[in-house]
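Colleague: Sharing query.cif here; it has mmCIF, C-alpha atoms and all ligand atoms.
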data_start
#
loop_
_atom_site.label_atom_id
_atom_site.label_comp_id
_atom_site.auth_asym_id
_atom_site.auth_seq_id
_atom_site.Cartn_x
_atom_site.Cartn_y
_atom_site.Cartn_z
CA MET A 1 20.73 6.45 2.17
CA HIS A 2 17.26 4.94 1.69
CA ALA A 3 15.97 4.88 -1.89
CA VAL A 4 12.72 6.31 -0.49
CA ALA A 5 12.40 8.31 2.71
CA MET A 6 9.70 5.98 4.06
CA LYS A 7 10.85 3.04 6.17
CA LEU A 8 9.18 -0.37 5.80
CA PHE A 9 8.00 -2.40 8.78
CA ILE A 10 6.28 -5.78 8.55
CA ASP A 11 2.80 -6.07 10.06
CA THR A 12 2.57 -9.61 11.40
CA GLY A 13 2.58 -11.94 14.38
CA SER A 14 4.32 -14.70 12.43
CA VAL A 15 7.98 -15.39 13.15
CA ALA A 16 8.23 -17.47 9.96
CA GLU A 17 6.99 -14.56 7.89
CA VAL A 18 9.50 -12.19 9.49
CA GLU A 19 12.29 -14.74 8.88
CA GLU A 20 11.33 -14.88 5.21
CA VAL A 21 11.08 -11.14 4.58
CA ALA A 22 13.99 -10.07 6.82
CA GLY A 23 16.19 -11.95 4.35
CA TRP A 24 15.26 -9.47 1.63
CA GLY A 25 17.13 -6.67 3.43
CA VAL A 26 14.27 -4.16 3.28
CA LEU A 27 12.83 -4.25 6.81
CA SER A 28 13.49 -1.57 9.43
CA GLY A 29 11.01 -2.85 12.05
CA ALA A 30 7.76 -4.68 12.73
CA THR A 31 4.32 -4.18 14.21
CA THR A 32 2.11 -6.72 15.95
CA ASN A 33 -1.33 -6.36 17.45
CA PRO A 34 -3.58 -8.61 19.57
CA SER A 35 -5.45 -9.87 16.48
CA LEU A 36 -2.25 -10.80 14.64
CA LEU A 37 -0.75 -12.57 17.70
CA ALA A 38 -4.04 -14.44 18.33
CA LYS A 39 -3.64 -16.15 14.94
CA GLU A 40 -0.29 -17.68 15.96
CA GLY A 41 0.53 -20.62 18.20
CA GLY A 42 2.99 -20.26 21.06
CA ASP A 43 3.88 -17.68 23.65
CA PRO A 44 3.33 -14.06 22.53
CA GLY A 45 6.35 -12.83 24.52
CA GLU A 46 8.62 -15.36 22.78
CA ILE A 47 7.21 -14.29 19.41
CA VAL A 48 7.80 -10.58 20.08
CA MET A 49 11.37 -11.19 21.31
CA ARG A 50 12.23 -13.37 18.29
CA ILE A 51 10.83 -10.72 15.91
CA CYS A 52 12.94 -8.08 17.72
CA GLU A 53 16.06 -10.15 17.06
CA LEU A 54 15.18 -10.77 13.43
CA VAL A 55 14.38 -7.20 12.40
CA ASP A 56 16.91 -5.55 14.74
CA GLY A 57 14.69 -2.45 14.90
CA PRO A 58 11.49 -1.16 16.51
CA VAL A 59 8.81 -3.81 17.16
CA SER A 60 5.41 -2.69 18.38
CA ALA A 61 3.63 -4.79 21.02
CA GLU A 62 0.20 -3.64 22.14
CA VAL A 63 -1.37 -3.08 25.56
CA VAL A 64 -4.96 -4.27 26.07
CA SER A 65 -6.07 -2.49 29.25
CA SER A 66 -8.63 0.27 28.82
CA GLU A 67 -7.53 2.41 31.78
CA ALA A 68 -4.28 4.38 32.06
CA GLY A 69 -2.86 2.54 35.09
CA GLY A 70 -3.27 -0.84 33.42
CA MET A 71 -1.80 0.44 30.15
CA LEU A 72 1.19 1.82 32.03
CA ALA A 73 1.82 -1.46 33.87
CA GLU A 74 1.44 -3.53 30.69
CA GLY A 75 3.55 -1.06 28.70
CA ARG A 76 6.42 -1.20 31.20
CA ALA A 77 6.30 -5.01 31.18
CA LEU A 78 6.22 -5.22 27.37
CA ALA A 79 9.12 -2.75 27.09
CA GLY A 80 11.08 -5.00 29.45
CA LEU A 81 10.88 -7.90 26.98
CA HIS A 82 13.48 -6.45 24.61
CA ARG A 83 15.20 -3.11 23.95
CA HIS A 84 13.51 -2.93 20.52
CA VAL A 85 9.95 -3.08 21.89
CA VAL A 86 7.80 -0.02 21.20
CA VAL A 87 4.59 -0.01 23.24
CA LYS A 88 1.49 0.23 21.10
CA VAL A 89 -1.31 2.11 22.84
CA PRO A 90 -4.84 2.44 21.40
CA PHE A 91 -6.08 6.01 21.07
CA SER A 92 -8.28 7.25 23.94
CA ALA A 93 -8.04 9.77 26.78
CA ALA A 94 -6.59 7.00 28.95
CA GLY A 95 -4.21 6.06 26.12
CA LEU A 96 -2.96 9.63 25.91
CA ALA A 97 -2.29 9.71 29.67
CA ALA A 98 -0.44 6.38 29.50
CA THR A 99 1.56 7.63 26.50
CA ARG A 100 2.64 10.71 28.43
CA ASP A 101 3.78 8.57 31.39
CA LEU A 102 5.51 5.90 29.29
CA THR A 103 7.42 8.45 27.21
CA ALA A 104 8.46 10.29 30.39
CA GLU A 105 10.11 7.01 31.41
CA GLY A 106 11.94 6.81 28.07
CA ILE A 107 9.64 4.11 26.66
CA ARG A 108 8.67 4.70 23.02
CA VAL A 109 4.97 4.60 22.14
CA ASN A 110 3.16 3.81 18.91
CA MET A 111 -0.30 5.36 19.29
CA THR A 112 -2.67 3.29 17.21
CA LEU A 113 -6.24 3.57 15.88
CA VAL A 114 -5.74 7.23 14.96
CA PHE A 115 -8.20 8.16 12.22
CA SER A 116 -8.18 11.97 12.11
CA ALA A 117 -5.77 14.89 12.14
CA SER A 118 -7.23 16.11 15.42
CA GLN A 119 -6.55 12.76 17.09
CA ALA A 120 -3.05 12.85 15.57
CA VAL A 121 -2.37 16.26 17.16
CA LEU A 122 -3.29 14.84 20.58
CA ALA A 123 -1.17 11.71 20.07
CA ALA A 124 1.88 13.77 19.04
CA GLU A 125 1.40 16.16 21.95
CA ALA A 126 1.27 13.23 24.39
CA GLY A 127 4.73 12.24 23.13
CA ALA A 128 4.03 9.32 20.80
CA THR A 129 7.01 8.37 18.64
CA TYR A 130 4.70 6.84 16.01
CA VAL A 131 1.13 7.81 15.12
CA SER A 132 -0.61 4.93 13.32
CA CYS A 133 -3.40 5.53 10.84
CA PHE A 134 -5.19 2.50 9.30
CA MET A 135 -5.66 3.05 5.58
CA GLY A 136 -7.65 -0.10 4.77
CA ARG A 137 -10.16 0.40 7.58
CA VAL A 138 -10.76 4.02 6.48
CA ASP A 139 -11.39 2.86 2.90
CA ASP A 140 -13.70 0.13 4.30
CA ILE A 141 -16.13 2.81 5.50
CA SER A 142 -16.08 4.67 2.17
CA ILE A 143 -13.75 7.46 3.28
CA ASP A 144 -10.68 8.21 1.14
CA SER A 145 -7.73 7.01 3.22
CA THR A 146 -5.23 9.07 1.19
CA ALA A 147 -7.13 12.25 2.08
CA VAL A 148 -7.14 11.37 5.79
CA LEU A 149 -3.52 10.27 5.83
CA GLY A 150 -2.42 13.28 3.79
CA GLU A 151 -4.04 15.62 6.29
CA ILE A 152 -2.36 13.81 9.19
CA VAL A 153 1.05 14.05 7.49
CA GLU A 154 0.55 17.75 6.81
CA THR A 155 -0.67 18.41 10.35
CA LEU A 156 2.27 16.65 12.02
CA ARG A 157 4.94 18.16 9.73
CA GLY A 158 7.65 19.63 11.96
CA SER A 159 6.54 17.53 14.95
CA GLU A 160 8.79 14.79 16.33
CA ALA A 161 6.05 12.20 15.87
CA GLN A 162 6.38 9.92 12.85
CA VAL A 163 3.31 9.03 10.79
CA LEU A 164 2.97 5.26 10.39
CA ALA A 165 0.60 4.00 7.69
CA ALA A 166 -1.03 0.72 8.73
CA SER A 167 -3.85 -1.57 7.57
CA LEU A 168 -2.30 -1.68 4.09
CA ARG A 169 -4.27 -4.11 1.96
CA HIS A 170 -2.49 -3.89 -1.41
CA PRO A 171 0.77 -2.57 -2.95
CA MET A 172 -0.73 0.77 -4.01
CA HIS A 173 -1.52 1.60 -0.37
CA THR A 174 2.24 1.37 0.26
CA VAL A 175 3.01 3.61 -2.70
CA ALA A 176 0.35 6.12 -1.61
CA ALA A 177 1.82 6.23 1.91
CA ALA A 178 5.30 6.93 0.50
CA LYS A 179 4.01 9.64 -1.84
CA LEU A 180 2.13 11.31 1.01
CA GLY A 181 5.35 11.53 3.02
CA CYS A 182 4.67 8.99 5.78
CA GLU A 183 7.83 8.17 7.71
CA VAL A 184 6.86 4.49 8.05
CA ALA A 185 4.52 1.98 6.41
CA THR A 186 3.82 -1.33 8.11
CA VAL A 187 3.02 -3.87 5.44
CA PRO A 188 1.59 -7.41 5.74
CA GLY A 189 3.75 -10.22 4.32
CA LYS A 190 1.15 -10.92 1.62
CA VAL A 191 1.35 -7.33 0.34
CA LEU A 192 5.17 -7.32 0.50
CA ARG A 193 5.17 -10.47 -1.67
CA GLN A 194 2.75 -8.79 -4.10
CA MET A 195 5.15 -5.82 -4.25
CA LEU A 196 7.88 -8.16 -5.59
CA GLN A 197 5.85 -9.12 -8.62
CA HIS A 198 5.83 -7.68 -12.12
CA PRO A 199 5.15 -9.77 -15.25
CA LEU A 200 7.86 -7.94 -17.20
CA THR A 201 10.43 -8.74 -14.47
CA THR A 202 9.49 -12.45 -14.66
CA SER A 203 9.57 -12.60 -18.46
CA GLY A 204 12.74 -10.47 -18.58
CA ILE A 205 14.63 -12.86 -16.29
CA GLU A 206 13.44 -15.85 -18.33
CA ARG A 207 14.69 -14.22 -21.54
CA PHE A 208 18.10 -13.31 -20.07
CA GLU A 209 18.53 -16.90 -18.82
CA ALA A 210 17.49 -18.44 -22.15
CA ASP A 211 19.81 -16.16 -24.17
CA TRP A 212 22.72 -16.93 -21.83
CA ARG A 213 22.07 -20.70 -22.15
CA SER A 214 22.14 -20.34 -25.95
CA ARG A 215 25.90 -19.72 -25.64
CA PRO A 216 27.17 -22.65 -23.46
CA GLU A 217 30.74 -21.31 -23.46
CA PHE A 218 29.51 -18.25 -21.50
CA ALA A 219 28.80 -20.47 -18.46
CA ASP A 220 32.42 -21.70 -18.48
CA TRP A 221 33.68 -18.11 -18.78
CA LEU A 222 31.55 -16.86 -15.84
CA GLY A 223 32.37 -19.91 -13.72
CA GLY A 224 36.08 -19.19 -14.25
CA LEU A 225 35.60 -15.50 -13.46
CA VAL A 226 33.81 -16.32 -10.17
CA ALA A 227 36.46 -18.90 -9.18
CA GLY A 228 39.23 -16.38 -9.91
CA ALA A 229 37.55 -13.73 -7.76
CA ARG A 230 37.41 -16.00 -4.67
O1 LIG B 301 -1.33 -3.12 12.58
C1 LIG B 301 -2.68 -3.26 12.46
C2 LIG B 301 -3.31 -2.94 11.15
O2 LIG B 301 -2.38 -2.97 10.13
C3 LIG B 301 -4.58 -3.70 10.90
O3 LIG B 301 -4.84 -4.06 9.60
O4 LIG B 301 -6.06 -5.27 7.85
O5 LIG B 301 -6.71 -5.57 10.26
O6 LIG B 301 -7.21 -3.45 9.09
P1 LIG B 301 -6.28 -4.63 9.18
#
Taking this structure as input, can you express it in the form of structure tokens?
Ligand code: G3P

Modeller:
Amino acid sequence: MHAVAMKLFIDTGSVAEVEEVAGWGVLSGATTNPSLLAKEGGDPGEIVMRICELVDGPVSAEVVSSEAGGMLAEGRALAGLHRHVVVKVPFSAAGLAATRDLTAEGIRVNMTLVFSASQAVLAAEAGATYVSCFMGRVDDISIDSTAVLGEIVETLRGSEAQVLAASLRHPMHTVAAAKLGCEVATVPGKVLRQMLQHPLTTSGIERFEADWRSRPEFADWLGGLVAGAR
């Protein structure tokens, strides 16, 4: 069972970052977008496939066409890269149509750039598996992202669509998303590293280590215990 109901994805286009954080054992998936992939060197398809292997869970890869036919063709191709690929489709009338067609083919869709409960209703109705709301960008325009996200969560309660909190800029965005009942939060590596930190954890570990070193015979005892357990 998860300690919290919300699953954590990593929001990145960096394979190295996924390699680092996947080792912590907390990732259920990943999200990329054109901006994140544009920051990285190398082939975007190779990057997406490697991230799929590393997280062994849903990995969003985004279409860039603005009309439904193009989105459908790109979505099918992206889904063919790896069984873990979820096709990310920007919100629009064309995006809704493409979402309906992709989901009818059994391809999962993450509908992105959803900023209101009414847009979320349309995305869920079109069959999106994930509905992505960008917290940081809502806060950037002086609108309370927790109010918007909370309304989306409430509106989609009972629907099959999962609310995915994105554009998380600091640890408290992640906590807010969990408290609001989002099914998923996609978190940048920088914020995940910030979430590790607490000054009392650091000082506590230092004190435990110093106290243990003050009794040198303890190290021999523990070493023997470990050797005996092998
Ligand atoms: O997945 C995309 C989203 O998280 C974007 O974040 O920081 O560019 O608003 P940001």

Colleague: Go ahead and compute the interatomic distance for CA of Ser35 (chain A) and CA of Leu156 (chain A), in Å to one decimal.

Modeller: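 Answer for the CA of Ser35 (chain A) to CA of Leu156 (chain A) separation: 28.0 Å.
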
Colleague: Would you mind listing the residues within 7 Å of ligand LIG 301 (chain B), counting only C-alpha atoms and all ligand atoms, as an MDAnalysis selection string?

Modeller: chainID A and resid 11 31:33 134 136:137 166:169 186

Colleague: Which neighbours of region 119-133 of chain A fall inside 7 Å, counting all atoms listed in the file, when residues of the same chain fewer than 3 positions from it are skipped, and could you give them as a list in words?

Modeller: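 Close residues of region 119-133 of chain A: Leu96, Thr99, Arg100, Thr103, Arg108, Val109, Asn110, Met111, Thr112, Leu113, Val114, Phe115, Ser116, Leu149, Ile152, Leu156, Ala161, Gln162, Val163, Leu164, Ala165 and Ala166 of chain A.
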
Colleague: Determine the nearest neighbour of Met49 (chain A) from the options A:Ala185, A:Arg213, A:Gly75, A:Arg83, counting all atoms listed in the file.

Modeller: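 Of A:Ala185, A:Arg213, A:Gly75, A:Arg83, the one nearest Met49 (chain A) is A:Arg83, counting all atoms listed in the file.
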
Colleague: Name the closest residue to Ala93 (chain A) among the candidates A:Ser60, A:Ser118, A:Ser214, A:Ser66; distances are taken between atoms, counting all atoms listed in the file.

Modeller: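 For Ala93 (chain A), the nearest of the candidates is A:Ser66.
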
Colleague: Have a look at CA of His84 (chain A) and CA of Pro58 (chain A) and let me know their distance in Å, one decimal.

Modeller: 4.8 Å

Colleague: Do you have the CA of Val175 (chain A)-CA of Val138 (chain A) distance handy?

Modeller: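 We find that CA of Val175 (chain A) and CA of Val138 (chain A) lie 16.6 Å from each other.
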
Colleague: Return the single residue from A:Glu154, A:Glu105, A:Asp139, A:Asp43 that is closest to Leu72 (chain A), with distances computed using all atoms listed in the file.

Modeller: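 Closest to Leu72 (chain A) of all the choices is A:Glu105.
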
Colleague: Using all atoms listed in the file, can you tell me which of A:Val148, A:Ala68, A:Ala79, A:Leu192 comes closest to Leu27 (chain A)?

Modeller: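 Among A:Val148, A:Ala68, A:Ala79, A:Leu192, it is A:Leu192 that comes nearest to Leu27 (chain A).
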
Colleague: Considering all atoms listed in the file, state which residue in the set A:Lys7, A:Ala61, A:Ala104, A:Arg230 is at the smallest distance from Leu37 (chain A).

Modeller: A:Ala61

Colleague: Which residues come within 10 Å of Glu17 (chain A), counting all atoms listed in the file, excluding same-chain residues fewer than 6 positions away, as a PyMOL selection string?

Modeller: chain A and resi 10-11+51+188-190

Colleague: Would you be able to write out as an NGL selection string which residues have an atom within 12 Å of (7.1, -7.9, 27.6) in the file's coordinates, counting only C-alpha atoms?

Modeller: :A and (43-50 or 52 or 59-63 or 73-88)

Colleague: Got a sec: who's within 10 Å of Gly69 (chain A), counting all atoms listed in the file, leaving out chain neighbours fewer than 6 positions off, as a VMD selection string?

Modeller: chain A and resid 75 94 to 95 97 to 98 101

Colleague: Looking at A:Val21, A:Met6, A:His198, A:Phe91, which one is nearest to Gly181 (chain A), with distances taken over all atoms listed in the file?

Modeller: A:Met6
